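**Q** This structure is in structure tokens; I'll ask about it shortly.
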Amino acid sequence: MSEALRAELARVASRLGADGVEFVLERPRDAGHGDLATNLAMVLAKRERANPRATAERVIDQLRLAPDLVERAEIAGPGFINFWLAQDQLSALHRRILDEGPAYGRSISGAGLRVNVEFVSANPTGPLHVGHGRGAALGDAIGALLEWTGHAVTREFYVNDAGVQIDRLAQSLWARVRELSGYAATIPDGGYHGEYLRDNARDVLASEGAGFADLSEAEGVSRARALALRIQRQEQDRDLAEFGVRFDVVSSEQTLYDSGQVGRALELLHARGLTFDADGARWLRTTDFGDDRDRVLRKSDGSFTYLVPDIAYHIDKHGRGFDRAIDVWGADHHGYIPRMRAVLQALGYPPEFFEVALVQLVKVVRGGEELKMSKRSGEFVTLRELVEEVGVDAARYFFLMRKGASPLDFDLDLAKSQTDENPVFYVQMAHARLSGIFRTAEREPESVTGALELAALPAPQDAELLKTLATFPEVVEKAAREREPHRITVYLHELATTVHGWYHHTRAVGAPEGPDSERARLLLARAARIVLANGLALLGITAPDRM
RNA sequence: GCGCCCGUAGCUCAGUUGGAUAGAGCAACAGCCUUCUAAGCUGUGGGUCGGUGGUUCGAAUCCACCCGGGCGCACCA
């Protein structure tokens with residue numbers, strides 16, 4: 001709705017000798033300040049050390065605005081220019097929502113950019129817990145936001161299936177198998193004690209036969225390794241699928257070793273003169289690129305640190321042609337960012353190639369009490385349990401309510417409650433109520449067509465609703481740019497509030513203002529229903545027609 | 001000690017490329033059901049935006065220092 005006005009303001013800025021200057025054009029909080037307001041005059045005045053209000057007059061003099069665009073413009077406060085849009089603009093906006101339907105809010109601002117979003121990437125050593133769930137919801141939603149803004153998105157999962165953690169997993173499973181078969185066995189130091197490995201051991205004995213427990217230690221552990229990996233990966237994929245998350249690509253650390261990419265990454269860094277040898281180890285000079293200390297790549301015992309496969313992996317992503325690689329990481333890995341950034345910079349990749357979106361911890365609360373979690377003891381709330389208890393919709397909504405960098409309190413009681421206190425219910429209810437209007441009217445929403453007659457919408461709640469619908473595309477744009485899906489939940493809650501208020505104070509079916517108002521309100525309800533559904537769909541949450 | 005994140009109403013949090021009187025939900029209090037879902041709506045009270053200085057016409061937002069909380073500072077991943 002504001003594109004034409006923005007373009008005209010930019011033209012005037014250029015004409016006044018400030019080509020390309022940045023300014024804000026947005027909907028003011030206070031309705032008394034018009035439909036849109038700009039700080040352009042204040043920005044210009046600052047550059048010229050002039051009086052902002054006088055500059056605002058010059059800007060308005062230069063503006064060439066079509067009468068069907070802006071009805072009125074005036075200077076206010078310290079030098080804002082407030083605009084009141086012509087009625088035609090609001091009807092045009094409404095027409096656009098109905099025309100675009102499920103695509104309303106989409107844009108092509110990111111067209112041509114290929115983005116890899118890597119998330120969850122949990123070690124295949126046990127079930128996914130709520131922290132992984134938050135990462136899953138966040139990564140998936142960031143992917144959706146980028147798709148909505150025209151990017152070509154690949155959702156990717158990286159499996160750390162090499163290294164010592166997997167050895168311990170294999171030994172732990174082997175121990176459970178032996179134990180189950182009546183032998184004395186103990187979980188090794190640093191191994192996995194969770195109950196799930198007992199279940200896995202039972203499955204293994206069922207599928208491999210009871211003789212499996214009598215294999216030699218070496219062969220048993222070796223085969224347990226492959227079996228454990230396969231089982232854990234299957235479980236994770238099943239949990240993620242039930243959570244509504246699907247990956248386009250699953251990459252494996254072991255494959256990077258097997259293909260020689262890990263070795264070649266080390267050679268590449270060495271050939272570029274970015275390494276040095278000391279204390280029997282090979283180091284990477286990350287301090288030349290902003291890290292606070294140099295990092296070991298190859299230990300004195302000849303093995304690689306985890307950094308090397310990670311470097312190889314990012315080289316691989318770059319080689320696959322992505323313009324951006326967005327890694328969703330747990331906040332406890334934030335110290336790892338500078339060295340990764342340093343490495344990629346040393347390799348000559350553009351700085352914007354690599355991004356990290358951090359996910360903070362989730363605290364699960366029931367009855368006001370925090371549920372304590374400990375991975376060591378194997379006691380934690382799994383994603384599966386959470387979804388079984390509160391459902392996918394509530395889980396996703398709650399995970400996306402706060403920005404990823406903020407810690408999250410997940411209140412199980414609230415997520416399950418069927419009251420307006422529960423934000424996901426509140427938002428879904430708004431959609432269900434709009435659907436209810438059409439049931440009462442005995443009309444399909446799609447059958448209500450035609451131009452919106454603003455004269456037939458006299459209630460302040462009518463205009464308020466329409467203007468809230470208008471901002472959705474900007475909210476999507478900003479959320480995508482900032483990689484912040486919580487902006488969508490915040491918007492949806494605000495829209496739901498507007499819908500509930502409109503619903504309560506006005507009447508569509510049998511509108512007291514007359515049949516023209518009934519038709520107009522049905523058109524408005526149809527548009528609002530579309531926007532609620534689009535916002536929820538973007539986050540992977542259903543929009544029910546009745547509750 | 002160094003680095004990153006955070007500090008906004010009693011609680012949980014939005015708002016930060018500098019803008020107009022700092023918002024929402026919960027909790028508290030007072031109201032609203034012959035009306036399309038009261039699974040809802042309306043109103044009231046509640047703030048040194050952690051602190052101090054600075055930049056600016058204008059600071060929750062930017063800068064400096066300080067205080068408090070979380071996390072990270074391995075030849076672990």
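Ordered as shown in the structure tokens, chains take letters A, B, and onward, while each chain numbers its residues from 1 and ligands are numbered from 1 in the order shown.
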Range 328-330 of chain A: which residues within 9 Å, counting only C-alpha atoms (C1' of nucleotides), same-chain residues fewer than 6 positions away excluded, as a VMD selection string?

**A** chain A and resid 117 to 121 131 to 132 135 to 136 138 to 139 355 to 361

**Q** Selected residues, N, CA, C and O atoms, written as an mmCIF file, in the first residue's frame, please.

**A**
```
data_model
loop_
_atom_site.group_PDB
_atom_site.id
_atom_site.type_symbol
_atom_site.label_atom_id
_atom_site.label_comp_id
_atom_site.auth_asym_id
_atom_site.auth_seq_id
_atom_site.Cartn_x
_atom_site.Cartn_y
_atom_site.Cartn_z
ATOM 1 N N VAL A 117 19.468 -23.431 5.088
ATOM 2 C CA VAL A 117 19.176 -23.284 6.516
ATOM 3 C C VAL A 117 19.432 -24.631 7.176
ATOM 4 O O VAL A 117 18.762 -25.612 6.875
ATOM 5 N N GLU A 118 20.452 -24.659 8.021
ATOM 6 C CA GLU A 118 20.783 -25.913 8.700
ATOM 7 C C GLU A 118 20.336 -25.815 10.145
ATOM 8 O O GLU A 118 20.683 -24.872 10.858
ATOM 9 N N PHE A 119 19.528 -26.777 10.571
ATOM 10 C CA PHE A 119 19.031 -26.706 11.948
ATOM 11 C C PHE A 119 18.805 -28.085 12.541
ATOM 12 O O PHE A 119 18.925 -29.092 11.848
ATOM 13 N N VAL A 120 18.535 -28.100 13.831
ATOM 14 C CA VAL A 120 18.463 -29.270 14.690
ATOM 15 C C VAL A 120 19.851 -29.925 14.746
ATOM 16 O O VAL A 120 20.581 -29.717 15.710
ATOM 17 N N SER A 121 20.227 -30.665 13.686
ATOM 18 C CA SER A 121 21.572 -31.266 13.641
ATOM 19 C C SER A 121 21.973 -31.864 14.981
ATOM 20 O O SER A 121 23.093 -31.696 15.450
ATOM 21 N N GLY A 131 14.687 -28.613 23.615
ATOM 22 C CA GLY A 131 15.602 -27.638 23.024
ATOM 23 C C GLY A 131 15.733 -27.842 21.522
ATOM 24 O O GLY A 131 15.723 -26.889 20.744
ATOM 25 N N HIS A 132 15.829 -29.126 21.116
ATOM 26 C CA HIS A 132 15.861 -29.423 19.684
ATOM 27 C C HIS A 132 14.555 -28.982 19.028
ATOM 28 O O HIS A 132 14.552 -28.517 17.885
ATOM 29 N N GLY A 135 14.693 -25.405 18.244
ATOM 30 C CA GLY A 135 15.547 -25.211 17.075
ATOM 31 C C GLY A 135 14.836 -25.619 15.800
ATOM 32 O O GLY A 135 14.961 -24.969 14.761
ATOM 33 N N ALA A 136 14.058 -26.706 15.897
ATOM 34 C CA ALA A 136 13.322 -27.196 14.729
ATOM 35 C C ALA A 136 12.268 -26.186 14.298
ATOM 36 O O ALA A 136 12.136 -25.857 13.111
ATOM 37 N N LEU A 138 12.186 -23.017 14.969
ATOM 38 C CA LEU A 138 12.819 -21.780 14.527
ATOM 39 C C LEU A 138 13.422 -21.929 13.131
ATOM 40 O O LEU A 138 13.197 -21.081 12.254
ATOM 41 N N GLY A 139 14.170 -22.994 12.919
ATOM 42 C CA GLY A 139 14.799 -23.198 11.620
ATOM 43 C C GLY A 139 13.765 -23.355 10.519
ATOM 44 O O GLY A 139 13.893 -22.778 9.434
ATOM 45 N N GLU A 355 25.895 -17.095 8.434
ATOM 46 C CA GLU A 355 25.086 -16.474 9.483
ATOM 47 C C GLU A 355 24.779 -17.524 10.534
ATOM 48 O O GLU A 355 24.606 -18.690 10.213
ATOM 49 N N VAL A 356 24.656 -17.078 11.762
ATOM 50 C CA VAL A 356 24.230 -17.977 12.824
ATOM 51 C C VAL A 356 22.993 -17.389 13.496
ATOM 52 O O VAL A 356 22.962 -16.203 13.809
ATOM 53 N N ALA A 357 21.982 -18.221 13.662
ATOM 54 C CA ALA A 357 20.813 -17.831 14.451
ATOM 55 C C ALA A 357 20.878 -18.643 15.742
ATOM 56 O O ALA A 357 20.851 -19.872 15.702
ATOM 57 N N LEU A 358 20.998 -17.962 16.862
ATOM 58 C CA LEU A 358 21.156 -18.669 18.130
ATOM 59 C C LEU A 358 19.803 -18.996 18.764
ATOM 60 O O LEU A 358 18.873 -18.209 18.695
ATOM 61 N N VAL A 359 19.738 -20.179 19.357
ATOM 62 C CA VAL A 359 18.534 -20.584 20.083
ATOM 63 C C VAL A 359 18.891 -20.742 21.552
ATOM 64 O O VAL A 359 19.757 -21.531 21.901
ATOM 65 N N GLN A 360 18.195 -20.000 22.393
ATOM 66 C CA GLN A 360 18.441 -20.092 23.823
ATOM 67 C C GLN A 360 17.689 -21.264 24.441
ATOM 68 O O GLN A 360 16.854 -21.898 23.802
ATOM 69 N N LEU A 361 17.997 -21.507 25.680
ATOM 70 C CA LEU A 361 17.438 -22.652 26.388
ATOM 71 C C LEU A 361 15.926 -22.556 26.573
ATOM 72 O O LEU A 361 15.357 -21.477 26.596
#
```

**Q** Using only C-alpha atoms (C1' of nucleotides), determine which residues of chain A fall within 8 Å of chain B; present them as a PyMOL selection string.

**A** chain A and resi 39+77-78+165+281+296+298-300+305-306+331-335+402+405-406+409+418-421+425-426+429+433+436-438+440-441+490+500-501+504-505+507-509

**Q** Got a sec to tell me which of range 109-257 of chain A DSSP assigns to helix (DSSP H, G or I), as an MDAnalysis selection string?

**A** chainID A and resid 130:148 164:180 196:208 210:214 217:242 253:257

**Q** Given the choices A:Thr468, A:Asn534, A:Ser435, A:Gln62, which gets closest to Ala31 in chain A if the distance is worked out from only C-alpha atoms?

**A**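 Using only C-alpha atoms, Ala31 in chain A sits closest to A:Thr468.
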
**Q** Please run DSSP on the backbone and report, as a list in words, all residues within range 84-246 of chain A that come out as strand (DSSP E).

**A**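 So the strand (DSSP E) residues in range 84-246 of chain A would be Trp84, Leu85, Arg114, Val115, Asn116, Val117, Glu118, Ala152, Val153, Thr154, Arg155, Glu156, Phe157, Tyr158 and Val159 of chain A.
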
**Q** What would the file look like if the residues just selected were written as a short mmCIF file (atom, residue, chain, number, x, y, z; two decimals), in the first residue's frame with all heavy atoms?

**A**
```cif
data_model
loop_
_atom_site.label_atom_id
_atom_site.label_comp_id
_atom_site.auth_asym_id
_atom_site.auth_seq_id
_atom_site.Cartn_x
_atom_site.Cartn_y
_atom_site.Cartn_z
N TRP A 84 -2.89 10.88 5.05
CA TRP A 84 -4.16 10.16 5.11
C TRP A 84 -4.42 9.59 3.73
O TRP A 84 -4.45 10.36 2.74
CB TRP A 84 -5.29 11.09 5.53
CG TRP A 84 -5.32 11.31 7.01
CD1 TRP A 84 -6.14 10.70 7.90
CD2 TRP A 84 -4.49 12.19 7.78
NE1 TRP A 84 -5.87 11.14 9.18
CE2 TRP A 84 -4.86 12.05 9.14
CE3 TRP A 84 -3.45 13.09 7.47
CZ2 TRP A 84 -4.24 12.76 10.17
CZ3 TRP A 84 -2.84 13.79 8.49
CH2 TRP A 84 -3.23 13.62 9.83
N LEU A 85 -4.54 8.29 3.64
CA LEU A 85 -4.70 7.65 2.34
C LEU A 85 -6.12 7.84 1.82
O LEU A 85 -7.08 7.88 2.60
CB LEU A 85 -4.41 6.17 2.46
CG LEU A 85 -2.95 5.84 2.79
CD1 LEU A 85 -2.79 4.35 3.07
CD2 LEU A 85 -2.02 6.26 1.65
N ARG A 114 20.04 -18.11 -3.12
CA ARG A 114 19.92 -19.49 -2.66
C ARG A 114 20.41 -19.58 -1.22
O ARG A 114 21.54 -19.22 -0.92
CB ARG A 114 20.75 -20.41 -3.57
CG ARG A 114 20.30 -20.39 -5.03
CD ARG A 114 21.03 -21.47 -5.82
NE ARG A 114 20.81 -22.78 -5.20
CZ ARG A 114 21.61 -23.83 -5.40
NH1 ARG A 114 22.67 -23.72 -6.18
NH2 ARG A 114 21.34 -24.98 -4.82
N VAL A 115 19.54 -20.05 -0.36
CA VAL A 115 19.85 -20.07 1.07
C VAL A 115 19.77 -21.48 1.63
O VAL A 115 18.81 -22.20 1.36
CB VAL A 115 18.88 -19.17 1.87
CG1 VAL A 115 19.28 -19.12 3.34
CG2 VAL A 115 18.83 -17.78 1.28
N ASN A 116 20.80 -21.85 2.38
CA ASN A 116 20.80 -23.12 3.09
C ASN A 116 20.52 -22.83 4.56
O ASN A 116 21.23 -22.04 5.18
CB ASN A 116 22.17 -23.80 2.94
CG ASN A 116 22.23 -25.14 3.64
OD1 ASN A 116 22.24 -25.21 4.87
ND2 ASN A 116 22.26 -26.20 2.86
N VAL A 117 19.47 -23.43 5.09
CA VAL A 117 19.18 -23.28 6.52
C VAL A 117 19.43 -24.63 7.18
O VAL A 117 18.76 -25.61 6.88
CB VAL A 117 17.72 -22.85 6.76
CG1 VAL A 117 17.50 -22.58 8.25
CG2 VAL A 117 17.38 -21.61 5.95
N GLU A 118 20.45 -24.66 8.02
CA GLU A 118 20.78 -25.91 8.70
C GLU A 118 20.34 -25.82 10.15
O GLU A 118 20.68 -24.87 10.86
CB GLU A 118 22.29 -26.14 8.65
CG GLU A 118 22.71 -27.45 9.30
CD GLU A 118 24.00 -27.33 10.07
OE1 GLU A 118 24.95 -26.70 9.59
OE2 GLU A 118 24.05 -27.85 11.20
N ALA A 152 15.31 -19.14 -2.62
CA ALA A 152 15.32 -20.59 -2.85
C ALA A 152 15.95 -21.22 -1.62
O ALA A 152 17.12 -21.00 -1.34
CB ALA A 152 16.11 -20.92 -4.11
N VAL A 153 15.15 -22.00 -0.89
CA VAL A 153 15.57 -22.48 0.43
C VAL A 153 15.83 -23.98 0.44
O VAL A 153 15.03 -24.75 -0.10
CB VAL A 153 14.50 -22.14 1.49
CG1 VAL A 153 14.85 -22.76 2.84
CG2 VAL A 153 14.33 -20.63 1.62
N THR A 154 16.93 -24.38 1.05
CA THR A 154 17.19 -25.79 1.33
C THR A 154 17.25 -25.97 2.83
O THR A 154 18.02 -25.28 3.51
CB THR A 154 18.53 -26.23 0.70
OG1 THR A 154 18.43 -26.12 -0.72
CG2 THR A 154 18.86 -27.67 1.07
N ARG A 155 16.41 -26.87 3.35
CA ARG A 155 16.46 -27.18 4.78
C ARG A 155 17.37 -28.38 4.97
O ARG A 155 17.18 -29.41 4.33
CB ARG A 155 15.06 -27.49 5.30
CG ARG A 155 14.13 -26.29 5.38
CD ARG A 155 12.74 -26.75 5.78
NE ARG A 155 11.82 -25.66 6.03
CZ ARG A 155 11.21 -24.95 5.08
NH1 ARG A 155 11.42 -25.21 3.80
NH2 ARG A 155 10.39 -23.97 5.40
N GLU A 156 18.35 -28.23 5.85
CA GLU A 156 19.37 -29.27 5.95
C GLU A 156 19.65 -29.67 7.39
O GLU A 156 19.59 -28.88 8.30
CB GLU A 156 20.66 -28.74 5.28
CG GLU A 156 21.76 -29.75 5.21
CD GLU A 156 22.68 -29.54 4.00
OE1 GLU A 156 22.23 -28.98 2.98
OE2 GLU A 156 23.86 -29.93 4.10
N PHE A 157 19.97 -30.95 7.55
CA PHE A 157 20.28 -31.54 8.85
C PHE A 157 21.66 -32.15 8.74
O PHE A 157 21.95 -32.88 7.80
CB PHE A 157 19.23 -32.62 9.16
CG PHE A 157 19.32 -33.24 10.53
CD1 PHE A 157 18.32 -33.01 11.47
CD2 PHE A 157 20.35 -34.10 10.88
CE1 PHE A 157 18.36 -33.60 12.73
CE2 PHE A 157 20.42 -34.68 12.13
CZ PHE A 157 19.41 -34.44 13.06
N TYR A 158 22.52 -31.84 9.69
CA TYR A 158 23.89 -32.35 9.66
C TYR A 158 24.05 -33.37 10.78
O TYR A 158 23.79 -33.06 11.94
CB TYR A 158 24.86 -31.18 9.85
CG TYR A 158 26.33 -31.55 9.89
CD1 TYR A 158 26.95 -32.17 8.82
CD2 TYR A 158 27.11 -31.23 11.00
CE1 TYR A 158 28.30 -32.48 8.85
CE2 TYR A 158 28.46 -31.52 11.04
CZ TYR A 158 29.05 -32.15 9.96
OH TYR A 158 30.39 -32.44 10.00
N VAL A 159 24.47 -34.56 10.41
CA VAL A 159 24.60 -35.64 11.40
C VAL A 159 26.05 -35.79 11.83
O VAL A 159 26.91 -36.07 11.01
CB VAL A 159 24.13 -36.99 10.80
CG1 VAL A 159 24.10 -38.05 11.90
CG2 VAL A 159 22.78 -36.86 10.15
#
```

**Q** If we count only C-alpha atoms (C1' of nucleotides) and set the cut-off at 8 Å, which residues sit around Leu256 in chain A, ignoring sequence neighbours fewer than 6 positions away in its own chain? Please answer as an mmCIF file with all heavy atoms, in the first residue's frame.

**A**
```cif
data_model
loop_
_atom_site.group_PDB
_atom_site.id
_atom_site.type_symbol
_atom_site.label_atom_id
_atom_site.label_comp_id
_atom_site.auth_asym_id
_atom_site.auth_seq_id
_atom_site.Cartn_x
_atom_site.Cartn_y
_atom_site.Cartn_z
ATOM 1 N N VAL A 262 37.320 -33.876 4.192
ATOM 2 C CA VAL A 262 37.910 -33.379 5.431
ATOM 3 C C VAL A 262 39.416 -33.206 5.243
ATOM 4 O O VAL A 262 39.982 -32.166 5.566
ATOM 5 C CB VAL A 262 37.608 -34.340 6.597
ATOM 6 C CG1 VAL A 262 38.331 -33.887 7.863
ATOM 7 C CG2 VAL A 262 36.107 -34.406 6.847
ATOM 8 N N PRO A 309 36.189 -31.153 10.150
ATOM 9 C CA PRO A 309 34.992 -31.538 9.387
ATOM 10 C C PRO A 309 33.976 -30.408 9.265
ATOM 11 O O PRO A 309 33.304 -30.304 8.229
ATOM 12 C CB PRO A 309 34.417 -32.713 10.185
ATOM 13 C CG PRO A 309 35.130 -32.731 11.487
ATOM 14 C CD PRO A 309 36.437 -32.072 11.274
ATOM 15 N N ALA A 312 35.137 -28.359 6.457
ATOM 16 C CA ALA A 312 34.874 -29.083 5.209
ATOM 17 C C ALA A 312 33.401 -28.991 4.844
ATOM 18 O O ALA A 312 33.032 -28.828 3.674
ATOM 19 C CB ALA A 312 35.280 -30.553 5.370
ATOM 20 N N TYR A 313 32.556 -29.071 5.868
ATOM 21 C CA TYR A 313 31.117 -29.021 5.635
ATOM 22 C C TYR A 313 30.699 -27.670 5.064
ATOM 23 O O TYR A 313 29.901 -27.586 4.126
ATOM 24 C CB TYR A 313 30.384 -29.305 6.950
ATOM 25 C CG TYR A 313 28.886 -29.304 6.864
ATOM 26 C CD1 TYR A 313 28.221 -29.874 5.776
ATOM 27 C CD2 TYR A 313 28.118 -28.730 7.873
ATOM 28 C CE1 TYR A 313 26.838 -29.866 5.702
ATOM 29 C CE2 TYR A 313 26.738 -28.728 7.806
ATOM 30 C CZ TYR A 313 26.100 -29.291 6.721
ATOM 31 O OH TYR A 313 24.736 -29.284 6.649
#
```

**Q** For range 205-207 of chain A, work out the shell of residues within 10 Å, counting only C-alpha atoms (C1' of nucleotides) and skipping chain neighbours fewer than 4 positions away, then give it as a PDB file with C-alpha atoms, in the first residue's frame.

**A**
```pdb
ATOM      1  CA  VAL A 177      22.382 -55.827  24.852  1.00  0.00           C
ATOM      2  CA  ARG A 178      24.716 -57.864  27.045  1.00  0.00           C
ATOM      3  CA  LEU A 180      19.526 -57.896  28.626  1.00  0.00           C
ATOM      4  CA  SER A 181      20.980 -61.266  27.752  1.00  0.00           C
ATOM      5  CA  ASN A 200      16.834 -50.181  21.443  1.00  0.00           C
ATOM      6  CA  ALA A 201      18.707 -53.218  22.797  1.00  0.00           C
ATOM      7  CA  GLY A 211      23.086 -64.849  19.358  1.00  0.00           C
ATOM      8  CA  PHE A 212      23.979 -61.202  18.795  1.00  0.00           C
ATOM      9  CA  ALA A 213      24.901 -60.854  22.474  1.00  0.00           C
TER      10      ALA A 213
END
```

**Q** Tell me which protein, DNA and RNA residues are within 8 Å of range 44-47 of chain B, counting only C-alpha atoms (C1' of nucleotides), leaving out same-chain ones fewer than 5 positions away, and put them as an mmCIF file with N, CA and C atoms (P, O5', C5', C4', C3', O3' and C1' of nucleotides), in the first residue's frame.

**A**
```cif
data_model
loop_
_atom_site.group_PDB
_atom_site.id
_atom_site.type_symbol
_atom_site.label_atom_id
_atom_site.label_comp_id
_atom_site.auth_asym_id
_atom_site.auth_seq_id
_atom_site.Cartn_x
_atom_site.Cartn_y
_atom_site.Cartn_z
ATOM 1 P P A B 9 9.654 -3.933 34.111
ATOM 2 O "O5'" A B 9 8.260 -3.170 34.255
ATOM 3 C "C5'" A B 9 8.118 -2.096 35.165
ATOM 4 C "C4'" A B 9 6.732 -2.118 35.774
ATOM 5 C "C3'" A B 9 6.315 -3.472 36.333
ATOM 6 O "O3'" A B 9 5.571 -3.274 37.527
ATOM 7 C "C1'" A B 9 4.763 -2.785 34.695
ATOM 8 P P C B 29 -9.294 -9.128 42.650
ATOM 9 O "O5'" C B 29 -9.850 -7.678 42.282
ATOM 10 C "C5'" C B 29 -9.733 -6.612 43.219
ATOM 11 C "C4'" C B 29 -10.115 -5.310 42.567
ATOM 12 C "C3'" C B 29 -11.469 -5.304 41.854
ATOM 13 O "O3'" C B 29 -12.555 -5.193 42.751
ATOM 14 C "C1'" C B 29 -9.868 -4.257 40.485
ATOM 15 P P A B 30 -13.960 -5.883 42.381
ATOM 16 O "O5'" A B 30 -14.519 -4.909 41.251
ATOM 17 C "C5'" A B 30 -14.752 -3.536 41.547
ATOM 18 C "C4'" A B 30 -15.255 -2.827 40.318
ATOM 19 C "C3'" A B 30 -16.353 -3.552 39.545
ATOM 20 O "O3'" A B 30 -17.624 -3.403 40.151
ATOM 21 C "C1'" A B 30 -14.738 -2.716 38.038
#
```

**Q** With only C-alpha atoms (C1' of nucleotides) as the counted atoms, please give the residues lying no more than 8 Å from Glu26 in chain A, apart from itself and same-chain residues fewer than 6 positions off, as a PyMOL selection string.

**A** chain A and resi 36-38

**Q** How would the residues just chosen look if you wrote them out with all heavy atoms as a compact mmCIF listing (two decimals), in the first residue's frame?

**A**
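Output contents, as saved in again_10.txt:
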```
# COMPACT_ATOMS: atom_id res chain seq x y z
N LEU A 36 -0.18 6.86 7.39
CA LEU A 36 1.26 6.64 7.22
C LEU A 36 1.97 7.93 7.61
O LEU A 36 1.43 9.02 7.47
CB LEU A 36 1.58 6.31 5.75
CG LEU A 36 1.17 4.93 5.25
CD1 LEU A 36 1.28 4.86 3.73
CD2 LEU A 36 2.03 3.84 5.88
N ALA A 37 3.19 7.77 8.10
CA ALA A 37 3.96 8.95 8.49
C ALA A 37 5.41 8.72 8.10
O ALA A 37 5.90 7.59 8.09
CB ALA A 37 3.85 9.18 9.99
N THR A 38 6.09 9.82 7.76
CA THR A 38 7.51 9.69 7.40
C THR A 38 8.34 10.69 8.20
O THR A 38 7.87 11.77 8.56
CB THR A 38 7.74 9.92 5.90
OG1 THR A 38 9.13 9.75 5.63
CG2 THR A 38 7.33 11.33 5.48
```

**Q** Which residues, written as a PyMOL selection string, have at least one atom at most 12 Å from Ala525 in chain A, with only C-alpha atoms (C1' of nucleotides) counted and residues fewer than 6 positions away on the same chain left out?

**A** (chain A and resi 94+97-98+430-438+441+444-446+448-449+452+462+465-466+469+498-500+502-503+506-509+517-519+531-532) or (chain B and resi 36)

**Q** Show me a table, sorted first by chain and then by increasing residue number, of the residues of range 4-59 of chain B having an atom at most 10 Å from range 64-69 of chain B, each with its shortest atom pair and the distance in Å to one decimal, counting only C-alpha atoms (C1' of nucleotides) and written as a tab-separated table.

**A**
```
residue	atom	partner	partner_atom	distance
B:C6	C1'	B:G69	C1'	7.6
B:G7	C1'	B:G69	C1'	7.8
B:G50	C1'	B:C67	C1'	7.3
B:G51	C1'	B:C67	C1'	6.9
B:U52	C1'	B:C66	C1'	7.6
B:G53	C1'	B:A64	C1'	8.1
B:G54	C1'	B:A64	C1'	7.5
```

**Q** Hey, can you check how far CA of Asp237 in chain A sits from CA of Leu145 in chain A?

**A**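 Taking CA of Asp237 in chain A as the start and CA of Leu145 in chain A as the end point, the length is 22.5 Å.
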